[in-house]
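Structure data follow from model_21.pdb (PDB, N, CA and C atoms):
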```
ATOM      1  N   MET K1408     -24.254  -2.013   0.587
ATOM      2  CA  MET K1408     -23.228  -1.102   1.049
ATOM      3  C   MET K1408     -22.648  -1.579   2.376
ATOM      4  N   TYR K1409     -23.525  -1.983   3.302
ATOM      5  CA  TYR K1409     -23.090  -2.454   4.614
ATOM      6  C   TYR K1409     -22.192  -3.682   4.474
ATOM      7  N   ILE K1410     -22.549  -4.600   3.568
ATOM      8  CA  ILE K1410     -21.757  -5.814   3.354
ATOM      9  C   ILE K1410     -20.401  -5.457   2.768
ATOM     10  N   ARG K1411     -20.349  -4.485   1.873
ATOM     11  CA  ARG K1411     -19.075  -4.043   1.281
ATOM     12  C   ARG K1411     -18.161  -3.482   2.355
ATOM     13  N   ILE K1412     -18.700  -2.698   3.275
ATOM     14  CA  ILE K1412     -17.896  -2.128   4.356
ATOM     15  C   ILE K1412     -17.367  -3.239   5.254
ATOM     16  N   LEU K1413     -18.196  -4.204   5.572
ATOM     17  CA  LEU K1413     -17.745  -5.323   6.394
ATOM     18  C   LEU K1413     -16.659  -6.126   5.699
ATOM     19  N   SER K1414     -16.818  -6.372   4.407
ATOM     20  CA  SER K1414     -15.810  -7.147   3.691
ATOM     21  C   SER K1414     -14.489  -6.384   3.624
ATOM     22  N   LEU K1415     -14.542  -5.050   3.518
ATOM     23  CA  LEU K1415     -13.316  -4.258   3.530
ATOM     24  C   LEU K1415     -12.633  -4.334   4.889
ATOM     25  N   LEU K1416     -13.404  -4.296   5.958
ATOM     26  CA  LEU K1416     -12.830  -4.368   7.294
ATOM     27  C   LEU K1416     -12.125  -5.698   7.520
ATOM     28  N   PHE K1417     -12.716  -6.780   7.051
ATOM     29  CA  PHE K1417     -12.117  -8.085   7.258
ATOM     30  C   PHE K1417     -10.935  -8.331   6.322
ATOM     31  N   SER K1418     -10.842  -7.602   5.219
ATOM     32  CA  SER K1418      -9.737  -7.813   4.297
ATOM     33  C   SER K1418      -8.591  -6.836   4.532
ATOM     34  N   MET K1419      -8.726  -5.955   5.526
ATOM     35  CA  MET K1419      -7.669  -4.985   5.799
ATOM     36  C   MET K1419      -6.670  -5.564   6.799
ATOM     37  N   ILE K1420      -5.395  -5.375   6.491
ATOM     38  CA  ILE K1420      -4.317  -5.784   7.379
ATOM     39  C   ILE K1420      -3.638  -4.507   7.840
ATOM     40  N   GLU K1421      -3.488  -4.352   9.141
ATOM     41  CA  GLU K1421      -2.857  -3.152   9.677
ATOM     42  C   GLU K1421      -1.480  -3.524  10.210
ATOM     43  N   LEU K1422      -0.475  -2.788   9.758
ATOM     44  CA  LEU K1422       0.901  -2.992  10.217
ATOM     45  C   LEU K1422       1.268  -1.790  11.075
ATOM     46  N   GLY K1423       1.511  -2.005  12.332
ATOM     47  CA  GLY K1423       1.761  -0.867  13.204
ATOM     48  C   GLY K1423       0.486  -0.067  13.311
ATOM     49  N   GLY K1424       0.619   1.224  13.490
ATOM     50  CA  GLY K1424      -0.569   2.040  13.615
ATOM     51  C   GLY K1424      -0.906   2.829  12.376
ATOM     52  N   ASN K1425       0.039   2.930  11.435
ATOM     53  CA  ASN K1425      -0.192   3.841  10.325
ATOM     54  C   ASN K1425      -0.034   3.213   8.939
ATOM     55  N   ILE K1426       0.143   1.914   8.850
ATOM     56  CA  ILE K1426       0.279   1.247   7.547
ATOM     57  C   ILE K1426      -0.890   0.286   7.383
ATOM     58  N   LYS K1427      -1.601   0.426   6.257
ATOM     59  CA  LYS K1427      -2.769  -0.419   5.997
ATOM     60  C   LYS K1427      -2.644  -1.074   4.629
ATOM     61  N   LEU K1428      -2.939  -2.362   4.599
ATOM     62  CA  LEU K1428      -2.991  -3.129   3.357
ATOM     63  C   LEU K1428      -4.427  -3.598   3.181
ATOM     64  N   ILE K1429      -5.059  -3.172   2.110
ATOM     65  CA  ILE K1429      -6.461  -3.499   1.868
ATOM     66  C   ILE K1429      -6.543  -4.429   0.656
ATOM     67  N   GLY K1430      -7.209  -5.555   0.841
ATOM     68  CA  GLY K1430      -7.367  -6.511  -0.249
ATOM     69  C   GLY K1430      -6.222  -7.494  -0.372
ATOM     70  N   PHE K1431      -5.306  -7.521   0.583
ATOM     71  CA  PHE K1431      -4.148  -8.407   0.519
ATOM     72  C   PHE K1431      -4.341  -9.692   1.326
ATOM     73  N   SER K1432      -5.436  -9.813   2.045
ATOM     74  CA  SER K1432      -5.615 -10.946   2.957
ATOM     75  C   SER K1432      -5.749 -12.288   2.237
ATOM     76  N   GLN K1433      -6.072 -12.290   0.948
ATOM     77  CA  GLN K1433      -6.229 -13.542   0.225
ATOM     78  C   GLN K1433      -4.904 -14.084  -0.310
ATOM     79  N   LEU K1434      -3.810 -13.356  -0.111
ATOM     80  CA  LEU K1434      -2.501 -13.825  -0.584
ATOM     81  C   LEU K1434      -1.997 -14.988   0.251
ATOM     82  N   GLU K1435      -1.126 -15.794  -0.341
ATOM     83  CA  GLU K1435      -0.515 -16.883   0.407
ATOM     84  C   GLU K1435       0.390 -16.279   1.481
ATOM     85  N   PRO K1436       0.565 -16.983   2.591
ATOM     86  CA  PRO K1436       1.360 -16.449   3.700
ATOM     87  C   PRO K1436       2.785 -16.050   3.307
ATOM     88  N   GLY K1437       3.432 -16.820   2.449
ATOM     89  CA  GLY K1437       4.796 -16.495   2.024
ATOM     90  C   GLY K1437       4.867 -15.187   1.254
ATOM     91  N   MET K1438       3.902 -14.975   0.391
ATOM     92  CA  MET K1438       3.841 -13.727  -0.372
ATOM     93  C   MET K1438       3.539 -12.543   0.531
ATOM     94  N   LEU K1439       2.678 -12.769   1.499
ATOM     95  CA  LEU K1439       2.282 -11.708   2.420
ATOM     96  C   LEU K1439       3.473 -11.221   3.246
ATOM     97  N   VAL K1440       4.367 -12.112   3.604
ATOM     98  CA  VAL K1440       5.576 -11.728   4.350
ATOM     99  C   VAL K1440       6.409 -10.764   3.516
ATOM    100  N   VAL K1441       6.589 -11.069   2.239
ATOM    101  CA  VAL K1441       7.378 -10.204   1.352
ATOM    102  C   VAL K1441       6.683  -8.854   1.166
ATOM    103  N   VAL K1442       5.357  -8.871   1.022
ATOM    104  CA  VAL K1442       4.582  -7.631   0.877
ATOM    105  C   VAL K1442       4.798  -6.733   2.094
ATOM    106  N   LYS K1443       4.694  -7.315   3.286
ATOM    107  CA  LYS K1443       4.865  -6.544   4.515
ATOM    108  C   LYS K1443       6.261  -5.951   4.617
ATOM    109  N   LYS K1444       7.271  -6.726   4.258
ATOM    110  CA  LYS K1444       8.655  -6.226   4.312
ATOM    111  C   LYS K1444       8.872  -5.092   3.318
ATOM    112  N   LEU K1445       8.322  -5.235   2.116
ATOM    113  CA  LEU K1445       8.485  -4.209   1.089
ATOM    114  C   LEU K1445       7.837  -2.890   1.516
ATOM    115  N   VAL K1446       6.617  -2.965   2.022
ATOM    116  CA  VAL K1446       5.920  -1.761   2.484
ATOM    117  C   VAL K1446       6.647  -1.158   3.685
ATOM    118  N   GLY K1447       7.088  -2.010   4.596
ATOM    119  CA  GLY K1447       7.816  -1.535   5.773
ATOM    120  C   GLY K1447       9.109  -0.834   5.407
ATOM    121  N   ASN K1448       9.816  -1.341   4.406
ATOM    122  CA  ASN K1448      11.063  -0.697   3.967
ATOM    123  C   ASN K1448      10.805   0.690   3.388
ATOM    124  N   TYR K1449       9.756   0.826   2.589
ATOM    125  CA  TYR K1449       9.410   2.144   2.042
ATOM    126  C   TYR K1449       9.019   3.108   3.164
ATOM    127  N   ALA K1450       8.253   2.626   4.125
ATOM    128  CA  ALA K1450       7.845   3.477   5.249
ATOM    129  C   ALA K1450       9.068   3.928   6.045
ATOM    130  N   ARG K1451      10.021   3.021   6.256
ATOM    131  CA  ARG K1451      11.242   3.378   6.986
ATOM    132  C   ARG K1451      12.053   4.417   6.220
ATOM    133  N   LYS K1452      12.176   4.246   4.899
ATOM    134  CA  LYS K1452      12.917   5.221   4.081
ATOM    135  C   LYS K1452      12.280   6.604   4.178
ATOM    136  N   LEU K1453      10.954   6.651   4.129
ATOM    137  CA  LEU K1453      10.264   7.940   4.235
ATOM    138  C   LEU K1453      10.487   8.554   5.618
ATOM    139  N   SER K1454      10.415   7.743   6.648
ATOM    140  CA  SER K1454      10.641   8.241   8.007
ATOM    141  C   SER K1454      12.080   8.721   8.189
ATOM    142  N   ASP K1455      13.026   8.025   7.559
ATOM    143  CA  ASP K1455      14.437   8.436   7.630
ATOM    144  C   ASP K1455      14.659   9.802   6.990
ATOM    145  N   ASN K1456      13.770  10.183   6.066
ATOM    146  CA  ASN K1456      13.854  11.491   5.398
ATOM    147  C   ASN K1456      13.037  12.551   6.135
ATOM    148  N   GLN K1457      12.778  12.319   7.413
ATOM    149  CA  GLN K1457      12.065  13.270   8.270
ATOM    150  C   GLN K1457      10.626  13.522   7.815
ATOM    151  N   ILE K1458       9.991  12.513   7.253
ATOM    152  CA  ILE K1458       8.597  12.636   6.830
ATOM    153  C   ILE K1458       7.727  11.947   7.875
ATOM    154  N   ASN K1459       6.807  12.690   8.454
ATOM    155  CA  ASN K1459       5.920  12.141   9.474
ATOM    156  C   ASN K1459       4.717  11.501   8.785
ATOM    157  N   ILE K1460       4.683  10.191   8.765
ATOM    158  CA  ILE K1460       3.611   9.452   8.100
ATOM    159  C   ILE K1460       2.439   9.285   9.061
ATOM    160  N   LYS K1461       1.307   9.866   8.687
ATOM    161  CA  LYS K1461       0.083   9.634   9.463
ATOM    162  C   LYS K1461      -0.586   8.350   8.995
ATOM    163  N   GLU K1462      -0.572   8.123   7.669
ATOM    164  CA  GLU K1462      -1.124   6.887   7.118
ATOM    165  C   GLU K1462      -0.473   6.571   5.780
ATOM    166  N   LEU K1463      -0.109   5.321   5.612
ATOM    167  CA  LEU K1463       0.368   4.802   4.334
ATOM    168  C   LEU K1463      -0.496   3.587   4.039
ATOM    169  N   SER K1464      -1.221   3.635   2.927
ATOM    170  CA  SER K1464      -2.099   2.504   2.611
ATOM    171  C   SER K1464      -1.931   2.073   1.161
ATOM    172  N   LEU K1465      -2.087   0.776   0.958
ATOM    173  CA  LEU K1465      -2.117   0.193  -0.376
ATOM    174  C   LEU K1465      -3.418  -0.576  -0.497
ATOM    175  N   ASN K1466      -4.139  -0.308  -1.572
ATOM    176  CA  ASN K1466      -5.424  -0.955  -1.816
ATOM    177  C   ASN K1466      -5.312  -1.760  -3.108
ATOM    178  N   MET K1467      -5.453  -3.086  -2.993
ATOM    179  CA  MET K1467      -5.406  -3.931  -4.178
ATOM    180  C   MET K1467      -6.782  -3.917  -4.833
ATOM    181  N   LYS K1468      -6.874  -3.218  -5.957
ATOM    182  CA  LYS K1468      -8.140  -3.083  -6.672
ATOM    183  C   LYS K1468      -8.499  -4.364  -7.417
ATOM    184  N   SER K1469      -7.491  -5.003  -8.024
ATOM    185  CA  SER K1469      -7.734  -6.278  -8.703
ATOM    186  C   SER K1469      -6.478  -7.126  -8.614
ATOM    187  N   ASN K1470      -6.691  -8.425  -8.528
ATOM    188  CA  ASN K1470      -5.576  -9.363  -8.464
ATOM    189  C   ASN K1470      -5.745 -10.402  -9.558
ATOM    190  N   ASP K1471      -5.967  -9.927 -10.751
ATOM    191  CA  ASP K1471      -6.089 -10.787 -11.916
ATOM    192  C   ASP K1471      -4.695 -11.368 -12.211
ATOM    193  N   PRO K1472      -4.600 -12.632 -12.624
ATOM    194  CA  PRO K1472      -3.278 -13.201 -12.920
ATOM    195  C   PRO K1472      -2.504 -12.428 -13.988
ATOM    196  N   LYS K1473      -3.207 -11.717 -14.853
ATOM    197  CA  LYS K1473      -2.517 -10.973 -15.908
ATOM    198  C   LYS K1473      -2.271  -9.518 -15.541
ATOM    199  N   LYS K1474      -2.996  -8.997 -14.527
ATOM    200  CA  LYS K1474      -2.851  -7.583 -14.194
ATOM    201  C   LYS K1474      -3.247  -7.319 -12.743
ATOM    202  N   VAL K1475      -2.316  -6.778 -11.991
ATOM    203  CA  VAL K1475      -2.558  -6.392 -10.602
ATOM    204  C   VAL K1475      -2.684  -4.873 -10.577
ATOM    205  N   GLU K1476      -3.773  -4.368 -10.011
ATOM    206  CA  GLU K1476      -3.980  -2.928  -9.902
ATOM    207  C   GLU K1476      -3.943  -2.523  -8.432
ATOM    208  N   LEU K1477      -3.105  -1.524  -8.146
ATOM    209  CA  LEU K1477      -2.955  -1.026  -6.778
ATOM    210  C   LEU K1477      -3.183   0.467  -6.728
ATOM    211  N   GLU K1478      -3.743   0.910  -5.612
ATOM    212  CA  GLU K1478      -3.878   2.337  -5.343
ATOM    213  C   GLU K1478      -3.131   2.609  -4.041
ATOM    214  N   GLY K1479      -2.211   3.554  -4.077
ATOM    215  CA  GLY K1479      -1.456   3.913  -2.889
ATOM    216  C   GLY K1479      -1.888   5.274  -2.375
ATOM    217  N   LYS K1480      -1.837   5.423  -1.046
ATOM    218  CA  LYS K1480      -2.176   6.713  -0.456
ATOM    219  C   LYS K1480      -1.222   6.976   0.698
ATOM    220  N   LEU K1481      -0.687   8.191   0.737
ATOM    221  CA  LEU K1481       0.212   8.612   1.804
ATOM    222  C   LEU K1481      -0.310   9.913   2.372
ATOM    223  N   ILE K1482      -0.569   9.903   3.676
ATOM    224  CA  ILE K1482      -1.033  11.102   4.359
ATOM    225  C   ILE K1482       0.047  11.519   5.347
ATOM    226  N   THR K1483       0.479  12.779   5.231
ATOM    227  CA  THR K1483       1.470  13.339   6.151
ATOM    228  C   THR K1483       0.795  14.430   6.973
ATOM    229  N   ASP K1484       1.596  15.136   7.768
ATOM    230  CA  ASP K1484       1.056  16.226   8.579
ATOM    231  C   ASP K1484       0.385  17.298   7.726
ATOM    232  N   SER K1485       0.962  17.556   6.549
ATOM    233  CA  SER K1485       0.495  18.704   5.769
ATOM    234  C   SER K1485      -0.134  18.360   4.420
ATOM    235  N   SER K1486       0.013  17.120   3.949
ATOM    236  CA  SER K1486      -0.451  16.809   2.588
ATOM    237  C   SER K1486      -0.973  15.384   2.473
ATOM    238  N   GLU K1487      -1.631  15.142   1.333
ATOM    239  CA  GLU K1487      -2.084  13.804   0.987
ATOM    240  C   GLU K1487      -1.666  13.522  -0.449
ATOM    241  N   PHE K1488      -1.081  12.359  -0.674
ATOM    242  CA  PHE K1488      -0.596  11.976  -1.992
ATOM    243  C   PHE K1488      -1.223  10.644  -2.379
ATOM    244  N   THR K1489      -1.500  10.470  -3.659
ATOM    245  CA  THR K1489      -2.041   9.205  -4.154
ATOM    246  C   THR K1489      -1.250   8.741  -5.368
ATOM    247  N   SER K1490      -1.302   7.455  -5.619
ATOM    248  CA  SER K1490      -0.657   6.893  -6.802
ATOM    249  C   SER K1490      -1.447   5.670  -7.250
ATOM    250  N   MET K1491      -1.299   5.327  -8.506
ATOM    251  CA  MET K1491      -1.926   4.141  -9.082
ATOM    252  C   MET K1491      -0.845   3.358  -9.817
ATOM    253  N   ALA K1492      -0.984   2.048  -9.814
ATOM    254  CA  ALA K1492      -0.044   1.208 -10.549
ATOM    255  C   ALA K1492      -0.781  -0.026 -11.045
ATOM    256  N   ALA K1493      -0.448  -0.432 -12.252
ATOM    257  CA  ALA K1493      -1.004  -1.649 -12.843
ATOM    258  C   ALA K1493       0.136  -2.392 -13.528
ATOM    259  N   GLU K1494       0.405  -3.589 -13.057
ATOM    260  CA  GLU K1494       1.498  -4.402 -13.592
ATOM    261  C   GLU K1494       1.049  -5.862 -13.623
ATOM    262  N   SER K1495       1.814  -6.680 -14.310
ATOM    263  CA  SER K1495       1.499  -8.106 -14.346
ATOM    264  C   SER K1495       2.033  -8.827 -13.106
ATOM    265  N   ASN K1496       2.918  -8.176 -12.357
ATOM    266  CA  ASN K1496       3.528  -8.763 -11.171
ATOM    267  C   ASN K1496       3.189  -7.904  -9.955
ATOM    268  N   LEU K1497       2.751  -8.533  -8.873
ATOM    269  CA  LEU K1497       2.361  -7.809  -7.664
ATOM    270  C   LEU K1497       3.501  -6.956  -7.124
ATOM    271  N   PHE K1498       4.702  -7.514  -7.057
ATOM    272  CA  PHE K1498       5.818  -6.793  -6.466
ATOM    273  C   PHE K1498       6.247  -5.603  -7.323
ATOM    274  N   PHE K1499       6.178  -5.739  -8.637
ATOM    275  CA  PHE K1499       6.469  -4.608  -9.522
ATOM    276  C   PHE K1499       5.430  -3.509  -9.339
ATOM    277  N   ALA K1500       4.164  -3.905  -9.214
ATOM    278  CA  ALA K1500       3.093  -2.921  -9.008
ATOM    279  C   ALA K1500       3.287  -2.198  -7.680
ATOM    280  N   MET K1501       3.653  -2.938  -6.639
ATOM    281  CA  MET K1501       3.895  -2.317  -5.333
ATOM    282  C   MET K1501       5.044  -1.327  -5.405
ATOM    283  N   ASP K1502       6.135  -1.750  -6.041
ATOM    284  CA  ASP K1502       7.298  -0.875  -6.164
ATOM    285  C   ASP K1502       6.941   0.397  -6.920
ATOM    286  N   LYS K1503       6.180   0.249  -7.983
ATOM    287  CA  LYS K1503       5.773   1.401  -8.798
ATOM    288  C   LYS K1503       4.897   2.367  -7.997
ATOM    289  N   ALA K1504       3.917   1.845  -7.283
ATOM    290  CA  ALA K1504       3.006   2.689  -6.501
ATOM    291  C   ALA K1504       3.738   3.376  -5.353
ATOM    292  N   LEU K1505       4.564   2.625  -4.628
ATOM    293  CA  LEU K1505       5.259   3.195  -3.473
ATOM    294  C   LEU K1505       6.354   4.172  -3.885
ATOM    295  N   SER K1506       7.091   3.864  -4.946
ATOM    296  CA  SER K1506       8.133   4.801  -5.394
ATOM    297  C   SER K1506       7.510   6.074  -5.957
ATOM    298  N   SER K1507       6.336   5.967  -6.556
ATOM    299  CA  SER K1507       5.636   7.154  -7.037
ATOM    300  C   SER K1507       5.253   8.063  -5.862
ATOM    301  N   LEU K1508       4.781   7.470  -4.773
ATOM    302  CA  LEU K1508       4.466   8.264  -3.583
ATOM    303  C   LEU K1508       5.710   8.929  -3.026
ATOM    304  N   ALA K1509       6.809   8.174  -2.976
ATOM    305  CA  ALA K1509       8.066   8.727  -2.447
ATOM    306  C   ALA K1509       8.554   9.890  -3.308
ATOM    307  N   THR K1510       8.410   9.763  -4.622
ATOM    308  CA  THR K1510       8.825  10.834  -5.533
ATOM    309  C   THR K1510       7.950  12.069  -5.368
ATOM    310  N   LYS K1511       6.646  11.867  -5.251
ATOM    311  CA  LYS K1511       5.722  13.011  -5.109
ATOM    312  C   LYS K1511       5.987  13.773  -3.833
ATOM    313  N   ILE K1512       6.311  13.107  -2.772
ATOM    314  CA  ILE K1512       6.490  13.794  -1.494
ATOM    315  C   ILE K1512       7.796  14.575  -1.461
ATOM    316  N   GLN K1513       8.766  14.193  -2.266
ATOM    317  CA  GLN K1513      10.053  14.890  -2.277
ATOM    318  C   GLN K1513      10.058  16.112  -3.173
ATOM    319  N   LYS K1514       8.971  16.344  -3.911
ATOM    320  CA  LYS K1514       8.904  17.513  -4.802
ATOM    321  C   LYS K1514       8.531  18.746  -4.042
TER     322      LYS K1514
END
```

For the file at hand, write its structure as structure tokens.
Amino acid sequence: MYIRILSLLFSMIELGGNIKLIGFSQLEPGMLVVVKKLVGNYARKLSDNQINIKELSLNMKSNDPKKVELEGKLITDSSEFTSMAAESNLFFAMDKALSSLATKIQK
């Protein structure tokens, strides 16, 4: 258990104070730049809609070449939302997970 916690800490990338990417550290640097921009754009869109983001996190559950599984979590002042996405392409999975969070918060 202790080793699992340590491995999670070393694989977490923090963007700003409230955006966390877990399991993305093994990506190539070029891909990681696109991942950061995509997550940052979604966070900006949510903030533009007067949503106070306490935490936005994406957790890469698996990075199999045939299937990428992501879990998204958005914590605001008053609520917590989660989403899951599984796609063959990382960017499609990210878009699916993040747009699902954006849709849930607007309901």

* Determine the residue set returned by the PyMOL selection byres ((chain K and resi 1426) around 6.5) for the present structure, and present it as a ChimeraX atom specification. => /K:1420-1425,1427-1428,1461-1464

* To do: Run the PyMOL selection byres (((chain K and resi 1500 and name CA) around 10) and name CA) mentally over the shown coordinates, then write out the matched residues as a PyMOL selection string, using the chain letters and numbers from the document.
  => chain K and resi 1467+1474-1478+1491-1499+1501-1506

* To do: Enter the distance from atom N of Glu1487 (chain K) to CA of Ser1507 (chain K), in Å, rounded to one decimal.
  => 13.7 Å

* To do: Identify all residues of chain K in strand (DSSP E or B) (DSSP on the backbone) and supply them as a ChimeraX atom specification.
  => /K:1419-1422,1426-1429,1460-1471,1474-1483,1487-1494

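Here CA of Val1442 (chain K) and CA of Thr1483 (chain K) stand 21.8 Å from one another.
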
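A straight line drawn from CA of Ile1429 (chain K) to CA of Asn1466 (chain K) is 4.6 Å long.
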
* Within chain K, find each residue whose DSSP state, derived from the backbone, is helix (DSSP H, G or I), and express the selection as an MDAnalysis selection string. => chainID K and resid 1409:1418 1436:1455 1497:1512

Could you write out that same residue set with N, CA and C atoms as a tab-separated table (two decimals), keeping the file's coordinate frame?
```
chain	number	residue	atom	x	y	z
K	1409	TYR	N	-23.52	-1.98	3.30
K	1409	TYR	CA	-23.09	-2.45	4.61
K	1409	TYR	C	-22.19	-3.68	4.47
K	1410	ILE	N	-22.55	-4.60	3.57
K	1410	ILE	CA	-21.76	-5.81	3.35
K	1410	ILE	C	-20.40	-5.46	2.77
K	1411	ARG	N	-20.35	-4.49	1.87
K	1411	ARG	CA	-19.08	-4.04	1.28
K	1411	ARG	C	-18.16	-3.48	2.36
K	1412	ILE	N	-18.70	-2.70	3.28
K	1412	ILE	CA	-17.90	-2.13	4.36
K	1412	ILE	C	-17.37	-3.24	5.25
K	1413	LEU	N	-18.20	-4.20	5.57
K	1413	LEU	CA	-17.74	-5.32	6.39
K	1413	LEU	C	-16.66	-6.13	5.70
K	1414	SER	N	-16.82	-6.37	4.41
K	1414	SER	CA	-15.81	-7.15	3.69
K	1414	SER	C	-14.49	-6.38	3.62
K	1415	LEU	N	-14.54	-5.05	3.52
K	1415	LEU	CA	-13.32	-4.26	3.53
K	1415	LEU	C	-12.63	-4.33	4.89
K	1416	LEU	N	-13.40	-4.30	5.96
K	1416	LEU	CA	-12.83	-4.37	7.29
K	1416	LEU	C	-12.12	-5.70	7.52
K	1417	PHE	N	-12.72	-6.78	7.05
K	1417	PHE	CA	-12.12	-8.09	7.26
K	1417	PHE	C	-10.94	-8.33	6.32
K	1418	SER	N	-10.84	-7.60	5.22
K	1418	SER	CA	-9.74	-7.81	4.30
K	1418	SER	C	-8.59	-6.84	4.53
K	1436	PRO	N	0.56	-16.98	2.59
K	1436	PRO	CA	1.36	-16.45	3.70
K	1436	PRO	C	2.78	-16.05	3.31
K	1437	GLY	N	3.43	-16.82	2.45
K	1437	GLY	CA	4.80	-16.50	2.02
K	1437	GLY	C	4.87	-15.19	1.25
K	1438	MET	N	3.90	-14.98	0.39
K	1438	MET	CA	3.84	-13.73	-0.37
K	1438	MET	C	3.54	-12.54	0.53
K	1439	LEU	N	2.68	-12.77	1.50
K	1439	LEU	CA	2.28	-11.71	2.42
K	1439	LEU	C	3.47	-11.22	3.25
K	1440	VAL	N	4.37	-12.11	3.60
K	1440	VAL	CA	5.58	-11.73	4.35
K	1440	VAL	C	6.41	-10.76	3.52
K	1441	VAL	N	6.59	-11.07	2.24
K	1441	VAL	CA	7.38	-10.20	1.35
K	1441	VAL	C	6.68	-8.85	1.17
K	1442	VAL	N	5.36	-8.87	1.02
K	1442	VAL	CA	4.58	-7.63	0.88
K	1442	VAL	C	4.80	-6.73	2.09
K	1443	LYS	N	4.69	-7.32	3.29
K	1443	LYS	CA	4.86	-6.54	4.51
K	1443	LYS	C	6.26	-5.95	4.62
K	1444	LYS	N	7.27	-6.73	4.26
K	1444	LYS	CA	8.65	-6.23	4.31
K	1444	LYS	C	8.87	-5.09	3.32
K	1445	LEU	N	8.32	-5.24	2.12
K	1445	LEU	CA	8.48	-4.21	1.09
K	1445	LEU	C	7.84	-2.89	1.52
K	1446	VAL	N	6.62	-2.96	2.02
K	1446	VAL	CA	5.92	-1.76	2.48
K	1446	VAL	C	6.65	-1.16	3.68
K	1447	GLY	N	7.09	-2.01	4.60
K	1447	GLY	CA	7.82	-1.54	5.77
K	1447	GLY	C	9.11	-0.83	5.41
K	1448	ASN	N	9.82	-1.34	4.41
K	1448	ASN	CA	11.06	-0.70	3.97
K	1448	ASN	C	10.80	0.69	3.39
K	1449	TYR	N	9.76	0.83	2.59
K	1449	TYR	CA	9.41	2.14	2.04
K	1449	TYR	C	9.02	3.11	3.16
K	1450	ALA	N	8.25	2.63	4.12
K	1450	ALA	CA	7.84	3.48	5.25
K	1450	ALA	C	9.07	3.93	6.04
K	1451	ARG	N	10.02	3.02	6.26
K	1451	ARG	CA	11.24	3.38	6.99
K	1451	ARG	C	12.05	4.42	6.22
K	1452	LYS	N	12.18	4.25	4.90
K	1452	LYS	CA	12.92	5.22	4.08
K	1452	LYS	C	12.28	6.60	4.18
K	1453	LEU	N	10.95	6.65	4.13
K	1453	LEU	CA	10.26	7.94	4.24
K	1453	LEU	C	10.49	8.55	5.62
K	1454	SER	N	10.42	7.74	6.65
K	1454	SER	CA	10.64	8.24	8.01
K	1454	SER	C	12.08	8.72	8.19
K	1455	ASP	N	13.03	8.02	7.56
K	1455	ASP	CA	14.44	8.44	7.63
K	1455	ASP	C	14.66	9.80	6.99
K	1497	LEU	N	2.75	-8.53	-8.87
K	1497	LEU	CA	2.36	-7.81	-7.66
K	1497	LEU	C	3.50	-6.96	-7.12
K	1498	PHE	N	4.70	-7.51	-7.06
K	1498	PHE	CA	5.82	-6.79	-6.47
K	1498	PHE	C	6.25	-5.60	-7.32
K	1499	PHE	N	6.18	-5.74	-8.64
K	1499	PHE	CA	6.47	-4.61	-9.52
K	1499	PHE	C	5.43	-3.51	-9.34
K	1500	ALA	N	4.16	-3.90	-9.21
K	1500	ALA	CA	3.09	-2.92	-9.01
K	1500	ALA	C	3.29	-2.20	-7.68
K	1501	MET	N	3.65	-2.94	-6.64
K	1501	MET	CA	3.90	-2.32	-5.33
K	1501	MET	C	5.04	-1.33	-5.40
K	1502	ASP	N	6.14	-1.75	-6.04
K	1502	ASP	CA	7.30	-0.88	-6.16
K	1502	ASP	C	6.94	0.40	-6.92
K	1503	LYS	N	6.18	0.25	-7.98
K	1503	LYS	CA	5.77	1.40	-8.80
K	1503	LYS	C	4.90	2.37	-8.00
K	1504	ALA	N	3.92	1.84	-7.28
K	1504	ALA	CA	3.01	2.69	-6.50
K	1504	ALA	C	3.74	3.38	-5.35
K	1505	LEU	N	4.56	2.62	-4.63
K	1505	LEU	CA	5.26	3.20	-3.47
K	1505	LEU	C	6.35	4.17	-3.88
K	1506	SER	N	7.09	3.86	-4.95
K	1506	SER	CA	8.13	4.80	-5.39
K	1506	SER	C	7.51	6.07	-5.96
K	1507	SER	N	6.34	5.97	-6.56
K	1507	SER	CA	5.64	7.15	-7.04
K	1507	SER	C	5.25	8.06	-5.86
K	1508	LEU	N	4.78	7.47	-4.77
K	1508	LEU	CA	4.47	8.26	-3.58
K	1508	LEU	C	5.71	8.93	-3.03
K	1509	ALA	N	6.81	8.17	-2.98
K	1509	ALA	CA	8.07	8.73	-2.45
K	1509	ALA	C	8.55	9.89	-3.31
K	1510	THR	N	8.41	9.76	-4.62
K	1510	THR	CA	8.82	10.83	-5.53
K	1510	THR	C	7.95	12.07	-5.37
K	1511	LYS	N	6.65	11.87	-5.25
K	1511	LYS	CA	5.72	13.01	-5.11
K	1511	LYS	C	5.99	13.77	-3.83
K	1512	ILE	N	6.31	13.11	-2.77
K	1512	ILE	CA	6.49	13.79	-1.49
K	1512	ILE	C	7.80	14.58	-1.46
```

* Go through K:Ile1512, K:Ile1458, K:Ile1482, K:Leu1465 one by one, measure the shortest atom-to-atom distance of each to Phe1431 (chain K) using only C-alpha atoms, and give the residue with the smallest value. => K:Leu1465
